[in-house]
$ cat query29.txt   # compact mmCIF, N, CA and C atoms and all ligand atoms
# COMPACT_ATOMS: atom_id res chain seq x y z
N MET U 1452 2.06 -19.94 -8.52
CA MET U 1452 3.31 -19.19 -8.58
C MET U 1452 3.20 -17.98 -7.64
N PRO U 1453 4.22 -17.76 -6.81
CA PRO U 1453 4.16 -16.62 -5.88
C PRO U 1453 4.08 -15.29 -6.62
N ARG U 1454 3.31 -14.39 -6.05
CA ARG U 1454 3.22 -13.04 -6.61
C ARG U 1454 4.14 -12.12 -5.82
N LYS U 1455 4.57 -11.06 -6.51
CA LYS U 1455 5.43 -10.06 -5.87
C LYS U 1455 4.69 -8.73 -5.83
N TYR U 1456 4.73 -8.10 -4.67
CA TYR U 1456 4.04 -6.83 -4.49
C TYR U 1456 5.00 -5.77 -3.96
N THR U 1457 4.67 -4.53 -4.31
CA THR U 1457 5.28 -3.37 -3.66
C THR U 1457 4.19 -2.66 -2.87
N ILE U 1458 4.51 -2.30 -1.64
CA ILE U 1458 3.61 -1.49 -0.81
C ILE U 1458 4.32 -0.18 -0.52
N LEU U 1459 3.66 0.92 -0.89
CA LEU U 1459 4.23 2.25 -0.67
C LEU U 1459 3.32 3.04 0.27
N VAL U 1460 3.90 3.65 1.29
CA VAL U 1460 3.18 4.52 2.21
C VAL U 1460 3.66 5.95 1.97
N CYS U 1461 2.72 6.87 1.75
CA CYS U 1461 3.15 8.24 1.47
C CYS U 1461 3.65 8.92 2.74
N ARG U 1462 4.57 9.85 2.54
CA ARG U 1462 5.16 10.52 3.70
C ARG U 1462 5.33 12.02 3.48
N GLY U 1463 4.55 12.58 2.56
CA GLY U 1463 4.62 14.03 2.34
C GLY U 1463 4.24 14.77 3.61
N PRO U 1464 4.40 16.09 3.63
CA PRO U 1464 4.11 16.85 4.85
C PRO U 1464 2.69 16.66 5.36
N GLU U 1465 1.74 16.60 4.45
CA GLU U 1465 0.35 16.48 4.89
C GLU U 1465 0.09 15.13 5.56
N CYS U 1466 0.43 14.06 4.89
CA CYS U 1466 0.18 12.73 5.47
C CYS U 1466 1.22 12.38 6.52
N GLY U 1467 2.44 12.82 6.29
CA GLY U 1467 3.49 12.46 7.24
C GLY U 1467 3.36 13.19 8.56
N ASP U 1468 3.25 14.51 8.51
CA ASP U 1468 3.23 15.30 9.74
C ASP U 1468 1.84 15.41 10.35
N LYS U 1469 0.84 15.60 9.51
CA LYS U 1469 -0.50 15.85 10.05
C LYS U 1469 -1.35 14.59 10.21
N ARG U 1470 -1.05 13.57 9.39
CA ARG U 1470 -1.92 12.38 9.42
C ARG U 1470 -1.16 11.12 9.87
N HIS U 1471 0.05 11.31 10.31
CA HIS U 1471 0.80 10.25 10.99
C HIS U 1471 1.00 8.99 10.12
N SER U 1472 1.41 9.20 8.89
CA SER U 1472 1.62 8.04 8.02
C SER U 1472 2.78 7.17 8.50
N ALA U 1473 3.69 7.74 9.29
CA ALA U 1473 4.80 6.91 9.82
C ALA U 1473 4.27 5.77 10.69
N ASP U 1474 3.15 6.00 11.35
CA ASP U 1474 2.55 4.93 12.17
C ASP U 1474 2.04 3.79 11.29
N VAL U 1475 1.53 4.14 10.11
CA VAL U 1475 1.05 3.11 9.18
C VAL U 1475 2.24 2.31 8.64
N HIS U 1476 3.29 3.03 8.27
CA HIS U 1476 4.50 2.34 7.79
C HIS U 1476 5.06 1.42 8.88
N ALA U 1477 5.08 1.91 10.11
CA ALA U 1477 5.58 1.09 11.22
C ALA U 1477 4.71 -0.14 11.43
N ALA U 1478 3.41 0.00 11.22
CA ALA U 1478 2.51 -1.16 11.38
C ALA U 1478 2.80 -2.22 10.32
N PHE U 1479 3.11 -1.79 9.10
CA PHE U 1479 3.50 -2.77 8.07
C PHE U 1479 4.79 -3.47 8.48
N LYS U 1480 5.75 -2.70 8.96
CA LYS U 1480 7.02 -3.32 9.38
C LYS U 1480 6.79 -4.33 10.50
N ARG U 1481 5.87 -3.99 11.40
CA ARG U 1481 5.56 -4.88 12.52
C ARG U 1481 4.82 -6.14 12.06
N ASP U 1482 3.83 -5.96 11.16
CA ASP U 1482 2.94 -7.07 10.81
C ASP U 1482 3.45 -7.95 9.67
N LEU U 1483 4.32 -7.42 8.82
CA LEU U 1483 4.79 -8.22 7.68
C LEU U 1483 5.44 -9.54 8.11
N PRO U 1484 6.31 -9.53 9.11
CA PRO U 1484 6.98 -10.80 9.45
C PRO U 1484 6.06 -11.84 10.09
N THR U 1485 4.91 -11.40 10.62
CA THR U 1485 4.06 -12.33 11.36
C THR U 1485 2.75 -12.67 10.65
N THR U 1486 2.54 -12.13 9.48
CA THR U 1486 1.30 -12.39 8.75
C THR U 1486 1.57 -13.38 7.62
N PRO U 1487 0.83 -14.50 7.58
CA PRO U 1487 1.02 -15.43 6.45
C PRO U 1487 0.60 -14.76 5.13
N LEU U 1488 1.50 -14.77 4.17
CA LEU U 1488 1.25 -14.07 2.91
C LEU U 1488 0.99 -15.03 1.75
N GLY U 1489 0.74 -16.28 2.06
CA GLY U 1489 0.45 -17.24 0.99
C GLY U 1489 1.64 -17.47 0.08
N GLY U 1490 2.84 -17.26 0.58
CA GLY U 1490 4.05 -17.46 -0.24
C GLY U 1490 4.39 -16.25 -1.09
N ASN U 1491 3.57 -15.24 -1.06
CA ASN U 1491 3.84 -14.05 -1.87
C ASN U 1491 4.87 -13.16 -1.17
N GLU U 1492 5.49 -12.30 -1.96
CA GLU U 1492 6.57 -11.46 -1.44
C GLU U 1492 6.17 -9.99 -1.48
N VAL U 1493 6.68 -9.24 -0.49
CA VAL U 1493 6.36 -7.82 -0.40
C VAL U 1493 7.64 -7.03 -0.20
N VAL U 1494 7.74 -5.93 -0.95
CA VAL U 1494 8.75 -4.91 -0.69
C VAL U 1494 8.01 -3.69 -0.16
N LEU U 1495 8.39 -3.25 1.03
CA LEU U 1495 7.76 -2.09 1.67
C LEU U 1495 8.66 -0.88 1.52
N ASP U 1496 8.05 0.25 1.17
CA ASP U 1496 8.85 1.46 1.01
C ASP U 1496 7.97 2.68 1.30
N LEU U 1497 8.60 3.82 1.31
CA LEU U 1497 7.90 5.09 1.47
C LEU U 1497 7.81 5.77 0.11
N TYR U 1498 6.84 6.67 -0.03
CA TYR U 1498 6.69 7.43 -1.27
C TYR U 1498 6.38 8.87 -0.91
N SER U 1499 6.86 9.79 -1.75
CA SER U 1499 6.73 11.20 -1.38
C SER U 1499 5.28 11.63 -1.24
N CYS U 1500 4.48 11.45 -2.27
CA CYS U 1500 3.10 11.94 -2.24
C CYS U 1500 2.35 11.40 -3.44
N PHE U 1501 1.14 10.93 -3.23
CA PHE U 1501 0.29 10.43 -4.31
C PHE U 1501 -0.66 11.50 -4.84
N GLY U 1502 -0.57 12.72 -4.30
CA GLY U 1502 -1.47 13.78 -4.73
C GLY U 1502 -2.88 13.63 -4.19
N LYS U 1503 -3.05 12.84 -3.16
CA LYS U 1503 -4.37 12.62 -2.54
C LYS U 1503 -4.29 12.90 -1.05
N CYS U 1504 -3.58 13.95 -0.70
CA CYS U 1504 -3.29 14.20 0.72
C CYS U 1504 -4.55 14.35 1.56
N GLN U 1505 -5.60 14.92 1.00
CA GLN U 1505 -6.80 15.14 1.79
C GLN U 1505 -7.48 13.83 2.17
N ARG U 1506 -7.07 12.74 1.55
CA ARG U 1506 -7.65 11.42 1.85
C ARG U 1506 -6.62 10.50 2.52
N GLY U 1507 -5.53 11.08 3.00
CA GLY U 1507 -4.45 10.27 3.55
C GLY U 1507 -4.67 9.88 4.99
N PRO U 1508 -3.78 9.05 5.52
CA PRO U 1508 -2.62 8.47 4.85
C PRO U 1508 -3.04 7.49 3.75
N ASN U 1509 -2.28 7.50 2.69
CA ASN U 1509 -2.56 6.63 1.55
C ASN U 1509 -1.52 5.52 1.45
N VAL U 1510 -2.00 4.37 1.05
CA VAL U 1510 -1.14 3.20 0.88
C VAL U 1510 -1.39 2.63 -0.50
N LEU U 1511 -0.33 2.49 -1.28
CA LEU U 1511 -0.44 1.89 -2.59
C LEU U 1511 0.05 0.45 -2.54
N VAL U 1512 -0.76 -0.45 -3.05
CA VAL U 1512 -0.36 -1.85 -3.19
C VAL U 1512 -0.33 -2.16 -4.67
N ARG U 1513 0.81 -2.63 -5.12
CA ARG U 1513 0.98 -2.89 -6.55
C ARG U 1513 1.59 -4.27 -6.76
N GLU U 1514 0.96 -5.05 -7.64
CA GLU U 1514 1.57 -6.32 -8.01
C GLU U 1514 2.61 -6.05 -9.08
N ASN U 1515 3.78 -6.61 -8.90
CA ASN U 1515 4.88 -6.41 -9.83
C ASN U 1515 4.99 -7.60 -10.79
N LEU U 1516 5.23 -7.30 -12.04
CA LEU U 1516 5.45 -8.35 -13.04
C LEU U 1516 6.89 -8.28 -13.53
N PRO U 1517 7.43 -9.39 -13.99
CA PRO U 1517 8.82 -9.38 -14.48
C PRO U 1517 9.03 -8.39 -15.62
N THR U 1518 7.98 -8.07 -16.35
CA THR U 1518 8.11 -7.16 -17.49
C THR U 1518 8.04 -5.68 -17.08
N ASP U 1519 7.76 -5.40 -15.80
CA ASP U 1519 7.69 -4.01 -15.35
C ASP U 1519 9.04 -3.32 -15.45
N ASN U 1520 8.99 -2.03 -15.76
CA ASN U 1520 10.20 -1.20 -15.77
C ASN U 1520 10.33 -0.54 -14.39
N PRO U 1521 11.30 -0.96 -13.58
CA PRO U 1521 11.39 -0.43 -12.20
C PRO U 1521 11.52 1.08 -12.14
N MET U 1522 12.22 1.68 -13.08
CA MET U 1522 12.38 3.14 -13.08
C MET U 1522 11.04 3.83 -13.31
N MET U 1523 10.26 3.31 -14.26
CA MET U 1523 8.95 3.90 -14.53
C MET U 1523 8.02 3.76 -13.32
N LEU U 1524 8.08 2.61 -12.67
CA LEU U 1524 7.21 2.40 -11.51
C LEU U 1524 7.59 3.33 -10.37
N ARG U 1525 8.86 3.62 -10.26
CA ARG U 1525 9.31 4.52 -9.20
C ARG U 1525 8.77 5.94 -9.46
N LEU U 1526 8.75 6.33 -10.73
CA LEU U 1526 8.26 7.66 -11.08
C LEU U 1526 6.74 7.75 -11.07
N MET U 1527 6.08 6.69 -11.51
CA MET U 1527 4.62 6.69 -11.63
C MET U 1527 4.04 5.40 -11.05
N PRO U 1528 4.10 5.23 -9.74
CA PRO U 1528 3.68 3.94 -9.17
C PRO U 1528 2.19 3.65 -9.31
N THR U 1529 1.38 4.68 -9.55
CA THR U 1529 -0.06 4.44 -9.67
C THR U 1529 -0.48 4.09 -11.10
N ALA U 1530 0.45 4.14 -12.04
CA ALA U 1530 0.11 3.90 -13.44
C ALA U 1530 -0.28 2.43 -13.66
N GLY U 1531 -1.15 2.23 -14.63
CA GLY U 1531 -1.54 0.86 -14.98
C GLY U 1531 -2.66 0.34 -14.11
N GLY U 1532 -3.11 -0.84 -14.42
CA GLY U 1532 -4.28 -1.38 -13.74
C GLY U 1532 -3.99 -2.24 -12.53
N ARG U 1533 -2.74 -2.39 -12.18
CA ARG U 1533 -2.42 -3.31 -11.08
C ARG U 1533 -2.11 -2.59 -9.78
N ALA U 1534 -2.37 -1.29 -9.74
CA ALA U 1534 -2.10 -0.51 -8.53
C ALA U 1534 -3.41 -0.19 -7.83
N THR U 1535 -3.43 -0.43 -6.54
CA THR U 1535 -4.60 -0.12 -5.71
C THR U 1535 -4.17 0.90 -4.68
N LEU U 1536 -4.91 2.01 -4.60
CA LEU U 1536 -4.57 3.05 -3.63
C LEU U 1536 -5.62 3.08 -2.53
N TYR U 1537 -5.17 2.81 -1.32
CA TYR U 1537 -6.05 2.80 -0.14
C TYR U 1537 -5.97 4.14 0.58
N HIS U 1538 -7.13 4.64 1.01
CA HIS U 1538 -7.20 5.95 1.64
C HIS U 1538 -7.53 5.84 3.13
N ARG U 1539 -7.06 6.87 3.87
CA ARG U 1539 -7.35 6.99 5.31
C ARG U 1539 -7.05 5.68 6.05
N VAL U 1540 -5.90 5.12 5.75
CA VAL U 1540 -5.53 3.84 6.35
C VAL U 1540 -5.08 4.04 7.79
N LEU U 1541 -5.59 3.19 8.66
CA LEU U 1541 -5.19 3.19 10.07
C LEU U 1541 -4.18 2.07 10.31
N PRO U 1542 -3.29 2.26 11.27
CA PRO U 1542 -2.36 1.18 11.59
C PRO U 1542 -3.07 -0.15 11.91
N SER U 1543 -4.22 -0.07 12.52
CA SER U 1543 -4.97 -1.28 12.88
C SER U 1543 -5.55 -2.01 11.66
N GLU U 1544 -5.52 -1.38 10.49
CA GLU U 1544 -6.07 -2.01 9.28
C GLU U 1544 -5.00 -2.67 8.41
N VAL U 1545 -3.76 -2.50 8.78
CA VAL U 1545 -2.66 -2.99 7.96
C VAL U 1545 -2.69 -4.51 7.83
N ARG U 1546 -2.95 -5.20 8.92
CA ARG U 1546 -2.93 -6.66 8.87
C ARG U 1546 -4.01 -7.17 7.90
N ARG U 1547 -5.13 -6.50 7.88
CA ARG U 1547 -6.21 -6.91 6.97
C ARG U 1547 -5.79 -6.73 5.51
N ILE U 1548 -5.08 -5.66 5.21
CA ILE U 1548 -4.57 -5.47 3.84
C ILE U 1548 -3.64 -6.62 3.47
N LEU U 1549 -2.79 -7.00 4.40
CA LEU U 1549 -1.86 -8.10 4.11
C LEU U 1549 -2.60 -9.43 3.94
N GLU U 1550 -3.57 -9.68 4.81
CA GLU U 1550 -4.28 -10.96 4.76
C GLU U 1550 -5.16 -11.07 3.52
N GLU U 1551 -5.83 -9.99 3.18
CA GLU U 1551 -6.81 -10.09 2.08
C GLU U 1551 -6.20 -9.75 0.72
N HIS U 1552 -5.46 -8.66 0.64
CA HIS U 1552 -4.93 -8.27 -0.67
C HIS U 1552 -3.69 -9.09 -1.03
N ILE U 1553 -2.73 -9.12 -0.13
CA ILE U 1553 -1.47 -9.82 -0.46
C ILE U 1553 -1.64 -11.33 -0.45
N ALA U 1554 -2.18 -11.87 0.62
CA ALA U 1554 -2.27 -13.33 0.72
C ALA U 1554 -3.33 -13.92 -0.19
N ARG U 1555 -4.50 -13.26 -0.30
CA ARG U 1555 -5.61 -13.84 -1.06
C ARG U 1555 -5.82 -13.19 -2.43
N GLY U 1556 -5.13 -12.09 -2.69
CA GLY U 1556 -5.31 -11.40 -3.98
C GLY U 1556 -6.64 -10.69 -4.09
N GLN U 1557 -7.23 -10.31 -2.95
CA GLN U 1557 -8.55 -9.66 -2.93
C GLN U 1557 -8.41 -8.23 -2.42
N PRO U 1558 -8.32 -7.24 -3.31
CA PRO U 1558 -8.25 -5.85 -2.86
C PRO U 1558 -9.49 -5.47 -2.04
N LEU U 1559 -9.28 -4.56 -1.10
CA LEU U 1559 -10.35 -4.12 -0.20
C LEU U 1559 -11.00 -2.86 -0.78
N THR U 1560 -12.06 -3.04 -1.52
CA THR U 1560 -12.67 -1.89 -2.19
C THR U 1560 -13.23 -0.87 -1.18
N GLU U 1561 -13.60 -1.32 -0.01
CA GLU U 1561 -14.12 -0.36 0.98
C GLU U 1561 -13.05 0.66 1.38
N PHE U 1562 -11.79 0.29 1.29
CA PHE U 1562 -10.70 1.22 1.63
C PHE U 1562 -10.36 2.15 0.44
N THR U 1563 -10.63 1.68 -0.76
CA THR U 1563 -10.33 2.51 -1.94
C THR U 1563 -11.40 3.56 -2.17
N GLN U 1564 -12.57 3.34 -1.65
CA GLN U 1564 -13.70 4.24 -1.90
C GLN U 1564 -13.88 5.31 -0.83
N ARG U 1565 -13.01 5.32 0.16
CA ARG U 1565 -13.13 6.33 1.21
C ARG U 1565 -12.89 7.72 0.64
N LYS U 1566 -13.72 8.68 1.07
CA LYS U 1566 -13.59 10.07 0.61
C LYS U 1566 -12.69 10.86 1.53
S1 LIG U 1601 1.44 13.02 1.44
FE1 LIG U 1601 0.01 11.41 1.35
S2 LIG U 1601 -0.90 11.73 -0.58
FE2 LIG U 1601 0.30 13.48 -0.33
$ encode --input "query29.txt" --output "C-alpha cells" --more "lines below"
Ligand code: FES
Amino acid sequence: MPRKYTILVCRGPECGDKRHSADVHAAFKRDLPTTPLGGNEVVLDLYSCFGKCQRGPNVLVRENLPTDNPMMLRLMPTAGGRATLYHRVLPSEVRRILEEHIARGQPLTEFTQRK
C-alpha cells in the first residue's frame, strides 16, 4: 500500500537568510518529479522554524496516517514517532532523502545525527 509523506523545509530567518534553506526547498521541487518514489506520495511545504536553527537547514520527513489530525500536525509536526528531522541538509543530498527515505522507507540516520 502506498505511503504518504509530508516534507517540510524550515524557512525562519536563520535557516532561510543565513543558511539558504530556499535552495534545499528548490532542490526538492526539482527532484520530486524525476525521482522514483516507489508509488509513495509526497506533499512538500515550508515551515517557520523547528527550533534547531544552529543545525539548519533542517528538513522534516513525516509519514502521514489516515488517523492523523492535520491541524495538530501543522502546529506540532515533530510530534510522535514518525517524524524524522534532518540537519544541515545540502541541496545535493535531497535526491538521496527521496530515494532512501521516501522510496525505500529507510531514514538516513547519518543526517539526523549531525551536530
Ligand atoms: S529556521 Fe530552520 S530551524 Fe529555525
$ residues_around --input "query29.txt" --residues "Thr1563 of chain U" --least-positions-apart "4" --cutoff "8 Å" --atoms "all atoms listed in the file" --output "MDAnalysis selection string"
chainID U and resid 1535:1539 1558:1559
$ residues_near_ligand --input "query29.txt" --ligand "ligand LIG 1601 (chain U)" --cutoff "6 Å" --atoms "only C-alpha atoms and all ligand atoms" --output "CSV table (one decimal) with N, CA and C atoms, in the frame of the given file"
chain,number,residue,atom,x,y,z
U,1461,CYS,N,2.7,6.9,1.8
U,1461,CYS,CA,3.2,8.2,1.5
U,1461,CYS,C,3.6,8.9,2.7
U,1462,ARG,N,4.6,9.8,2.5
U,1462,ARG,CA,5.2,10.5,3.7
U,1462,ARG,C,5.3,12.0,3.5
U,1463,GLY,N,4.6,12.6,2.6
U,1463,GLY,CA,4.6,14.0,2.3
U,1463,GLY,C,4.2,14.8,3.6
U,1464,PRO,N,4.4,16.1,3.6
U,1464,PRO,CA,4.1,16.8,4.8
U,1464,PRO,C,2.7,16.7,5.4
U,1465,GLU,N,1.7,16.6,4.4
U,1465,GLU,CA,0.4,16.5,4.9
U,1465,GLU,C,0.1,15.1,5.6
U,1466,CYS,N,0.4,14.1,4.9
U,1466,CYS,CA,0.2,12.7,5.5
U,1466,CYS,C,1.2,12.4,6.5
U,1500,CYS,N,4.5,11.4,-2.3
U,1500,CYS,CA,3.1,11.9,-2.2
U,1500,CYS,C,2.4,11.4,-3.4
U,1501,PHE,N,1.1,10.9,-3.2
U,1501,PHE,CA,0.3,10.4,-4.3
U,1501,PHE,C,-0.7,11.5,-4.8
U,1502,GLY,N,-0.6,12.7,-4.3
U,1502,GLY,CA,-1.5,13.8,-4.7
U,1502,GLY,C,-2.9,13.6,-4.2
U,1503,LYS,N,-3.0,12.8,-3.2
U,1503,LYS,CA,-4.4,12.6,-2.5
U,1503,LYS,C,-4.3,12.9,-1.0
U,1504,CYS,N,-3.6,14.0,-0.7
U,1504,CYS,CA,-3.3,14.2,0.7
U,1504,CYS,C,-4.6,14.4,1.6
U,1507,GLY,N,-5.5,11.1,3.0
U,1507,GLY,CA,-4.4,10.3,3.6
U,1507,GLY,C,-4.7,9.9,5.0
U,1508,PRO,N,-3.8,9.0,5.5
U,1508,PRO,CA,-2.6,8.5,4.8
U,1508,PRO,C,-3.0,7.5,3.8
U,1509,ASN,N,-2.3,7.5,2.7
U,1509,ASN,CA,-2.6,6.6,1.6
U,1509,ASN,C,-1.5,5.5,1.4
$ closest_residue --input "query29.txt" --among "U:Lys1480, U:Lys1455, U:Arg1555, U:Lys1566" --to "Glu1514 of chain U" --atoms "only C-alpha atoms"
U:Lys1455
$ select_by_dssp --input "query29.txt" --residues "chain U" --states "helix (DSSP H, G or I)" --output "PyMOL selection string"
chain U and resi 1464-1469+1472-1485+1504-1506+1521-1526+1542-1554+1560-1563
$ atom_distance --input "query29.txt" --atom1 "atom CA of Val1494 of chain U" --atom2 "atom N of Pro1542 of chain U"
18.4 Å
$ select_by_dssp --input "query29.txt" --residues "chain U" --states "strand (DSSP E or B)" --output "VMD selection string"
chain U and resid 1455 to 1461 1492 to 1498 1510 to 1515 1534 to 1537
$ residues_around --input "query29.txt" --residues "segment 1482-1491 of chain U" --least-positions-apart "5" --cutoff "6 Å" --atoms "only N, CA and C atoms" --output "number ranges by chain"
U: 1453-1455, 1477, 1553-1554
$ atom_distance --input "query29.txt" --atom1 "atom CA of Val1510 of chain U" --atom2 "atom CA of Val1460 of chain U"
4.7 Å
$ residues_around --input "query29.txt" --residues "Asn1520 of chain U" --least-positions-apart "6" --cutoff "12 Å" --atoms "only C-alpha atoms" --output "list in words"
Leu1526, Met1527, Pro1528, Ala1530 and Gly1531 of chain U
$ atom_distance --input "query29.txt" --atom1 "atom CA of Asp1519 of chain U" --atom2 "atom CA of His1552 of chain U"
19.8 Å
